[in-house]
>>> print(open('my_file10.cif').read())   # mmCIF, C-alpha atoms
data_query
loop_
_atom_site.label_atom_id
_atom_site.label_comp_id
_atom_site.auth_asym_id
_atom_site.auth_seq_id
_atom_site.Cartn_x
_atom_site.Cartn_y
_atom_site.Cartn_z
CA MET A 256 -40.90 13.50 23.03
CA GLU A 257 -42.95 16.48 21.81
CA ASN A 258 -39.82 18.63 21.65
CA GLN A 259 -37.99 15.92 19.73
CA THR A 260 -40.81 15.69 17.18
CA GLU A 261 -40.76 19.46 16.73
CA GLU A 262 -37.00 19.38 16.21
CA LEU A 263 -37.33 16.60 13.65
CA LEU A 264 -39.98 18.51 11.72
CA ALA A 265 -37.88 21.67 11.84
CA ILE A 266 -34.91 19.84 10.29
CA VAL A 267 -37.14 18.30 7.61
CA GLU A 268 -38.58 21.72 6.85
CA GLU A 269 -35.10 23.18 6.42
CA LEU A 270 -34.12 20.33 4.09
CA ALA A 271 -37.34 20.83 2.13
CA MET A 272 -36.63 24.52 1.65
CA ALA A 273 -33.10 23.77 0.56
CA TYR A 274 -34.37 21.08 -1.82
CA VAL A 275 -36.63 23.55 -3.66
CA SER A 276 -33.94 26.24 -3.40
CA PHE A 277 -36.28 28.43 -1.34
CA GLU A 278 -38.45 28.97 -4.44
CA SER A 279 -41.55 27.25 -3.08
CA THR A 280 -43.27 26.79 0.26
CA SER A 281 -44.58 23.27 -0.42
CA ILE A 282 -43.33 19.88 -1.59
CA ARG A 283 -45.06 16.57 -2.33
CA TYR A 284 -45.89 14.27 0.58
CA GLU A 285 -43.60 11.58 -0.88
CA LYS A 286 -40.67 13.99 -0.89
CA ALA A 287 -41.37 15.10 2.69
CA GLU A 288 -41.44 11.43 3.71
CA GLN A 289 -38.13 10.87 1.93
CA LEU A 290 -36.56 13.81 3.77
CA MET A 291 -37.84 12.52 7.11
CA GLU A 292 -36.22 9.16 6.31
CA ALA A 293 -32.99 11.00 5.47
CA VAL A 294 -32.96 12.65 8.89
CA GLN A 295 -33.78 9.39 10.65
CA TYR A 296 -31.06 7.58 8.69
CA CYS A 297 -28.45 10.04 9.94
CA ILE A 298 -29.72 9.80 13.50
CA CYS A 299 -29.51 6.00 13.32
CA GLU A 300 -25.99 6.35 11.94
CA THR A 301 -25.05 8.28 15.07
CA GLU A 302 -26.66 5.73 17.36
CA SER A 303 -24.89 2.83 15.60
CA GLN A 304 -21.44 4.10 16.53
CA THR A 305 -19.69 2.34 19.38
CA GLU A 306 -18.85 4.17 22.59
CA ASN A 307 -15.20 4.29 21.60
CA GLN A 308 -16.03 6.08 18.35
CA LEU A 309 -18.68 8.48 19.49
CA VAL A 310 -20.05 9.25 22.95
CA LEU A 311 -23.38 11.05 22.97
CA ALA A 312 -24.27 13.31 25.84
CA GLU A 313 -27.70 12.67 27.26
CA ASN A 314 -28.68 16.29 26.81
CA GLN A 315 -27.80 16.49 23.12
CA SER A 316 -30.56 17.84 20.93
CA VAL A 317 -32.03 16.01 17.95
CA ARG A 318 -30.29 18.52 15.69
CA GLN A 319 -26.91 17.77 17.27
CA VAL A 320 -27.44 14.04 16.89
CA TYR A 321 -28.56 14.53 13.26
CA LYS A 322 -25.50 16.63 12.44
CA ALA A 323 -23.21 14.09 14.08
CA GLY A 324 -24.86 11.33 12.08
CA ARG A 325 -24.55 13.22 8.83
CA ALA A 326 -20.86 13.70 9.57
CA CYS A 327 -20.61 9.95 10.11
CA VAL A 328 -22.23 9.33 6.73
CA GLU A 329 -19.78 11.69 5.04
CA LYS A 330 -16.86 9.97 6.75
CA LYS A 331 -18.11 6.53 5.73
CA VAL A 332 -18.46 7.64 2.11
CA LYS A 333 -14.82 8.70 2.14
CA GLN A 334 -13.77 5.43 3.79
CA ALA A 335 -15.74 3.41 1.24
CA LEU A 336 -14.26 5.34 -1.67
CA ASP A 337 -10.75 4.87 -0.28
CA LEU A 338 -11.41 1.16 0.14
CA TYR A 339 -12.73 0.90 -3.41
CA HIS A 340 -9.55 2.46 -4.80
CA GLN A 341 -7.43 0.12 -2.66
CA ILE A 342 -9.15 -2.93 -4.14
CA LEU A 343 -9.40 -1.72 -7.74
CA PRO A 344 -5.78 -2.03 -9.01
CA GLU A 345 -5.57 -5.80 -8.41
CA PHE A 346 -9.25 -6.63 -8.70
CA ILE A 347 -9.91 -9.99 -10.40
CA TYR A 348 -13.41 -11.05 -11.44
CA TYR A 349 -12.63 -14.28 -13.33
CA LYS A 350 -14.90 -13.23 -16.22
CA ASN A 351 -18.00 -13.36 -14.00
CA ARG A 352 -20.26 -10.66 -15.43
CA CYS A 353 -22.26 -10.12 -12.24
CA LEU A 354 -19.16 -9.44 -10.13
CA TYR A 355 -17.69 -7.24 -12.87
CA HIS A 356 -20.88 -5.21 -13.25
CA ASP A 357 -21.31 -4.59 -9.53
CA PHE A 358 -17.73 -3.62 -8.79
CA ILE A 359 -16.55 -1.94 -11.98
CA GLN A 360 -19.78 -0.31 -13.17
CA ALA A 361 -22.33 -0.04 -10.36
CA ILE A 362 -20.11 1.11 -7.49
CA PRO A 363 -18.71 4.16 -9.37
CA TYR A 364 -22.30 5.03 -10.35
CA PHE A 365 -23.24 4.97 -6.67
CA PHE A 366 -20.44 7.33 -5.67
CA LYS A 367 -21.36 9.68 -8.49
CA TRP A 368 -25.03 10.00 -7.58
CA TYR A 369 -25.22 9.27 -3.85
CA ASP A 370 -27.04 12.14 -2.12
CA ILE A 371 -25.77 12.57 1.44
CA LYS A 372 -27.95 15.58 2.17
CA PHE A 373 -31.38 14.70 0.76
CA GLU A 374 -31.43 10.90 0.43
CA PRO A 375 -28.59 9.09 2.27
CA GLN A 376 -30.88 6.09 2.83
CA ASN A 377 -31.02 5.31 -0.91
CA THR A 378 -28.61 2.57 -1.98
CA ILE A 379 -29.30 3.50 -5.64
CA ILE A 380 -27.73 0.30 -7.02
CA THR A 381 -28.93 -3.30 -6.54
CA LEU A 382 -25.62 -5.12 -5.85
CA ASP A 383 -26.63 -8.47 -7.30
CA TYR A 384 -23.37 -10.33 -6.67
CA PRO A 385 -24.12 -12.51 -3.60
CA VAL A 386 -21.42 -11.82 -1.02
CA LEU A 387 -21.23 -14.16 1.98
CA LYS A 388 -22.79 -11.73 4.42
CA ASP A 389 -26.46 -10.86 4.76
CA LEU A 390 -26.75 -7.21 3.73
CA SER A 391 -30.55 -7.07 3.70
CA ASN A 392 -30.70 -4.83 6.77
CA TYR A 393 -28.25 -2.27 5.36
CA ARG A 394 -29.14 0.76 3.23
CA GLY A 395 -27.33 3.61 1.56
CA ILE A 396 -23.63 3.95 2.18
CA ASP A 397 -23.83 1.31 4.93
CA ARG A 398 -24.82 -1.35 2.39
CA VAL A 399 -22.18 -0.30 -0.14
CA TYR A 400 -19.45 -0.10 2.50
CA GLU A 401 -20.25 -3.57 3.86
CA PHE A 402 -20.38 -4.92 0.31
CA LEU A 403 -16.91 -3.49 -0.37
CA ARG A 404 -15.54 -5.00 2.84
CA CYS A 405 -16.80 -8.39 1.68
CA ILE A 406 -15.24 -7.93 -1.75
CA GLU A 407 -11.96 -6.94 -0.08
CA LEU A 408 -11.92 -10.22 1.88
CA GLU A 409 -12.77 -12.24 -1.22
CA GLN A 410 -9.98 -10.60 -3.19
CA LYS A 411 -7.55 -11.38 -0.37
CA PHE A 412 -8.75 -14.98 -0.50
CA PHE A 413 -8.12 -15.17 -4.25
CA CYS A 414 -4.70 -13.53 -4.16
CA ARG A 415 -3.02 -16.75 -2.95
CA LEU A 416 -4.51 -18.81 -5.80
CA LEU A 417 -3.49 -18.97 -9.44
CA GLU A 418 -6.04 -17.35 -11.74
CA GLU A 419 -6.05 -20.22 -14.25
CA GLU A 420 -6.66 -22.76 -11.46
CA VAL A 421 -9.61 -20.79 -10.12
CA MET A 422 -11.14 -20.42 -13.57
CA ALA A 423 -10.71 -24.13 -14.28
CA ILE A 424 -12.64 -24.99 -11.08
CA LEU A 425 -15.38 -22.48 -11.88
CA LEU A 426 -15.73 -23.82 -15.41
CA LYS A 427 -15.93 -27.42 -14.19
CA ASN A 428 -18.53 -26.48 -11.60
CA ASN A 429 -20.67 -24.58 -14.10
CA PRO A 430 -19.82 -24.19 -17.81
CA GLN A 431 -21.97 -21.02 -17.79
CA TYR A 432 -20.39 -19.58 -14.65
CA GLU A 433 -19.52 -16.34 -16.47
CA GLU A 434 -23.25 -15.54 -16.59
CA SER A 435 -24.17 -17.02 -13.21
CA VAL A 436 -25.12 -15.14 -10.06
CA GLU A 437 -23.11 -17.25 -7.62
CA ASN A 438 -20.49 -16.50 -5.05
CA ILE A 439 -17.11 -17.53 -6.45
CA CYS A 440 -15.46 -17.97 -3.04
CA GLU A 441 -17.93 -20.63 -1.99
CA ILE A 442 -17.29 -22.71 -5.11
CA ILE A 443 -13.51 -22.49 -4.76
CA LEU A 444 -13.53 -23.19 -1.01
CA CYS A 445 -15.57 -26.35 -1.61
CA SER A 446 -12.93 -27.58 -4.06
CA ILE A 447 -10.11 -26.67 -1.66
CA VAL A 448 -11.74 -28.64 1.17
CA GLY A 449 -12.14 -31.63 -1.13
CA HIS A 450 -8.49 -31.51 -2.14
CA ILE A 451 -7.36 -31.35 1.48
CA LEU A 452 -9.57 -34.32 2.40
CA VAL A 453 -7.80 -36.53 -0.16
CA GLY A 454 -4.34 -35.10 0.44
CA LYS A 455 -3.94 -33.33 -2.89
CA SER A 456 -2.28 -29.99 -3.53
CA VAL A 457 -4.85 -27.21 -3.42
CA LEU A 458 -6.60 -26.87 -6.82
CA GLU A 459 -3.64 -28.30 -8.75
CA GLN A 460 -5.05 -31.71 -9.57
CA GLU A 461 -8.46 -32.92 -10.74
CA PHE A 462 -10.45 -35.39 -8.69
CA GLU A 463 -10.38 -39.03 -9.70
CA GLU A 464 -12.62 -41.98 -8.83
CA GLU A 465 -10.39 -42.95 -5.90
CA ASP A 466 -10.69 -39.41 -4.51
CA TYR A 467 -14.47 -39.53 -4.63
CA ARG A 468 -14.36 -42.93 -2.92
CA GLN A 469 -12.23 -41.51 -0.09
CA ILE A 470 -14.53 -38.55 0.42
CA LYS A 471 -17.59 -40.81 0.37
CA GLU A 472 -15.96 -43.03 3.00
CA PHE A 473 -15.13 -39.96 5.08
CA CYS A 474 -18.75 -38.77 4.95
CA SER A 475 -20.06 -42.22 5.85
CA ARG A 476 -18.00 -42.30 9.07
CA PHE A 477 -19.40 -39.09 10.54
CA SER A 478 -22.71 -37.35 11.13
CA PRO A 479 -23.45 -34.07 9.32
CA GLN A 480 -22.65 -32.15 12.52
CA GLU A 481 -19.32 -33.95 12.93
CA ILE A 482 -18.48 -33.22 9.29
CA ARG A 483 -19.21 -29.52 9.89
CA ILE A 484 -16.81 -29.47 12.83
CA LYS A 485 -14.05 -31.23 10.88
CA LEU A 486 -14.45 -29.01 7.82
CA ARG A 487 -14.27 -25.93 10.02
CA GLU A 488 -11.01 -27.24 11.47
CA ILE A 489 -9.66 -27.97 7.98
CA THR A 490 -10.64 -24.51 6.73
CA LYS A 491 -9.14 -22.74 9.74
CA PHE A 492 -5.87 -24.67 9.37
CA PHE A 493 -5.71 -23.94 5.63
CA LEU A 494 -6.27 -20.22 6.17
CA GLN A 495 -3.69 -20.07 8.95
CA GLN A 496 -1.14 -21.73 6.70
CA TYR A 497 -1.74 -19.55 3.62
CA TYR A 498 -3.03 -16.23 4.94
CA LYS A 499 -1.28 -15.76 8.31
CA GLU A 500 -2.49 -12.51 9.93
CA GLU A 501 -5.55 -12.29 7.69
CA SER A 502 -6.70 -15.82 8.47
CA GLU A 503 -9.03 -14.89 11.34
CA ALA A 504 -10.97 -12.28 9.35
CA LEU A 505 -11.24 -14.66 6.40
CA PHE A 506 -12.47 -17.49 8.61
CA LEU A 507 -15.16 -15.29 10.15
CA TYR A 508 -16.29 -14.42 6.63
CA LEU A 509 -16.23 -17.98 5.30
CA GLU A 510 -17.29 -20.03 8.33
CA HIS A 511 -21.03 -20.19 7.71
CA VAL A 512 -20.34 -21.25 4.10
CA VAL A 513 -18.30 -24.16 5.46
CA ASP A 514 -21.46 -25.43 7.16
CA GLY A 515 -23.25 -25.40 3.81
CA ILE A 516 -20.37 -27.22 2.13
CA ALA A 517 -20.49 -29.90 4.83
CA VAL A 518 -24.20 -30.48 4.20
CA ARG A 519 -23.72 -30.64 0.42
CA LEU A 520 -20.79 -33.06 0.71
CA TYR A 521 -22.77 -35.31 3.04
CA HIS A 522 -25.82 -35.51 0.79
CA ALA A 523 -23.76 -35.81 -2.42
CA ALA A 524 -21.84 -38.71 -0.87
CA GLN A 525 -25.11 -40.35 0.16
CA LYS A 526 -26.40 -40.12 -3.41
CA ASP A 527 -23.01 -40.93 -4.96
CA VAL A 528 -22.91 -37.66 -6.93
CA LEU A 529 -19.82 -35.99 -5.46
CA PHE A 530 -18.58 -35.30 -9.00
CA ARG A 531 -21.32 -32.70 -9.33
CA ILE A 532 -19.91 -30.42 -6.64
CA LEU A 533 -16.16 -31.30 -6.73
#
>>> encode(input="my_file10.cif", output="structure tokens")
Amino acid sequence: MENQTEELLAIVEELAMAYVSFESTSIRYEKAEQLMEAVQYCICETESQTENQLVLAENQSVRQVYKAGRACVEKKVKQALDLYHQILPEFIYYKNRCLYHDFIQAIPYFFKWYDIKFEPQNTIITLDYPVLKDLSNYRGIDRVYEFLRCIELEQKFFCRLLEEEVMAILLKNNPQYEESVENICEIILCSIVGHILVGKSVLEQEFEEEDYRQIKEFCSRFSPQEIRIKLREITKFFLQQYYKEESEALFLYLEHVVDGIAVRLYHAAQKDVLFRIL
């Protein structure tokens, strides 16, 4: 443990000297703390790799683990940038300013200013668009990469739907949706589930009083847990029909949202306000 601490401090000292371009022998405490976090971030990056990706020898030094982790960070930056450019050509944001800002403006800013050497733990940007995965435990390139993977899945979800139909649903759900900080997928999936429940073509027709009556009757026959199970089955079947080989990844991304939709449908039916969410 003592040797490991000495190795850590030696790496931090080297980074500190490089940071001040060897012109000074001291840096602020806050900067030293930041550099220590940078080293620890890279070490954690190494440790997070699976055995198939990276096998660490028990006798590896802290420096070796740090260097391996930094290489992992560099590789992930390249992967994230490649993914970004794959999504960009056909990216659709449906006039939602939050999604547009994060993907079109914030992400390029991140790649421009991300500091792999001195501050890889800094995410730099806030990423306000609420993807359907909890990213609170991710930092730096890890957070941005996971965010992009979520956006990739959402764009794949949208690609099978007509843009004007999606925008009509979003507008009906919230006339100010362009300014809202909401996940678009969740809103559209709720509408799709409702259409399937009443036997209507996905998103092509508006709900009528008879449709709301059918959904209310459906919700009255089952408990919230039973509704969750049935909506999961409906969602899985829909994805298998429309998305084929991508259906499993999409279901894993959307499944916990289905539970929320089930709860909202149940309570809206109880209060006779289904028109507010469908």
>>> residues_around(input="my_file10.cif", residues="Asn351 (chain A)", least_positions_apart="4", cutoff="8 Å", atoms="all atoms listed in the file", output="ChimeraX atom specification")
/A:355,432-435
>>> residues_around(input="my_file10.cif", residues="region 504-515 of chain A", least_positions_apart="6", cutoff="9 Å", atoms="all atoms listed in the file", output="short mmCIF file (atom, residue, chain, number, x, y, z; two decimals) with C-alpha atoms, keeping the file's coordinate frame")
data_model
loop_
_atom_site.label_atom_id
_atom_site.label_comp_id
_atom_site.auth_asym_id
_atom_site.auth_seq_id
_atom_site.Cartn_x
_atom_site.Cartn_y
_atom_site.Cartn_z
CA LEU A 387 -21.23 -14.16 1.98
CA LYS A 388 -22.79 -11.73 4.42
CA CYS A 405 -16.80 -8.39 1.68
CA LEU A 408 -11.92 -10.22 1.88
CA GLU A 409 -12.77 -12.24 -1.22
CA LYS A 411 -7.55 -11.38 -0.37
CA PHE A 412 -8.75 -14.98 -0.50
CA CYS A 440 -15.46 -17.97 -3.04
CA GLU A 441 -17.93 -20.63 -1.99
CA LEU A 444 -13.53 -23.19 -1.01
CA CYS A 445 -15.57 -26.35 -1.61
CA GLN A 480 -22.65 -32.15 12.52
CA ILE A 482 -18.48 -33.22 9.29
CA ARG A 483 -19.21 -29.52 9.89
CA ILE A 484 -16.81 -29.47 12.83
CA LEU A 486 -14.45 -29.01 7.82
CA ARG A 487 -14.27 -25.93 10.02
CA THR A 490 -10.64 -24.51 6.73
CA LYS A 491 -9.14 -22.74 9.74
CA LEU A 494 -6.27 -20.22 6.17
CA TYR A 498 -3.03 -16.23 4.94
#
>>> resolve_selection(input="my_file10.cif", expression="the PyMOL selection byres ((chain A and resi 327) around 12)", output="list in words")
Tyr296, Cys297, Ile298, Cys299, Glu300, Thr301, Glu302, Ser303, Gln304, Gln308, Leu309, Val320, Tyr321, Lys322, Ala323, Gly324, Arg325, Ala326, Val328, Glu329, Lys330, Lys331, Val332, Lys333, Gln334, Ile371, Pro375, Ile396 and Asp397 of chain A
>>> closest_residue(input="my_file10.cif", among="A:Ile443, A:Ala523, A:Val448, A:Leu270", to="Phe492 (chain A)", atoms="all atoms listed in the file")
A:Val448
>>> closest_residue(input="my_file10.cif", among="A:Val317, A:Ile406, A:Met422, A:Ile380", to="Phe346 (chain A)", atoms="all atoms listed in the file")
A:Ile406
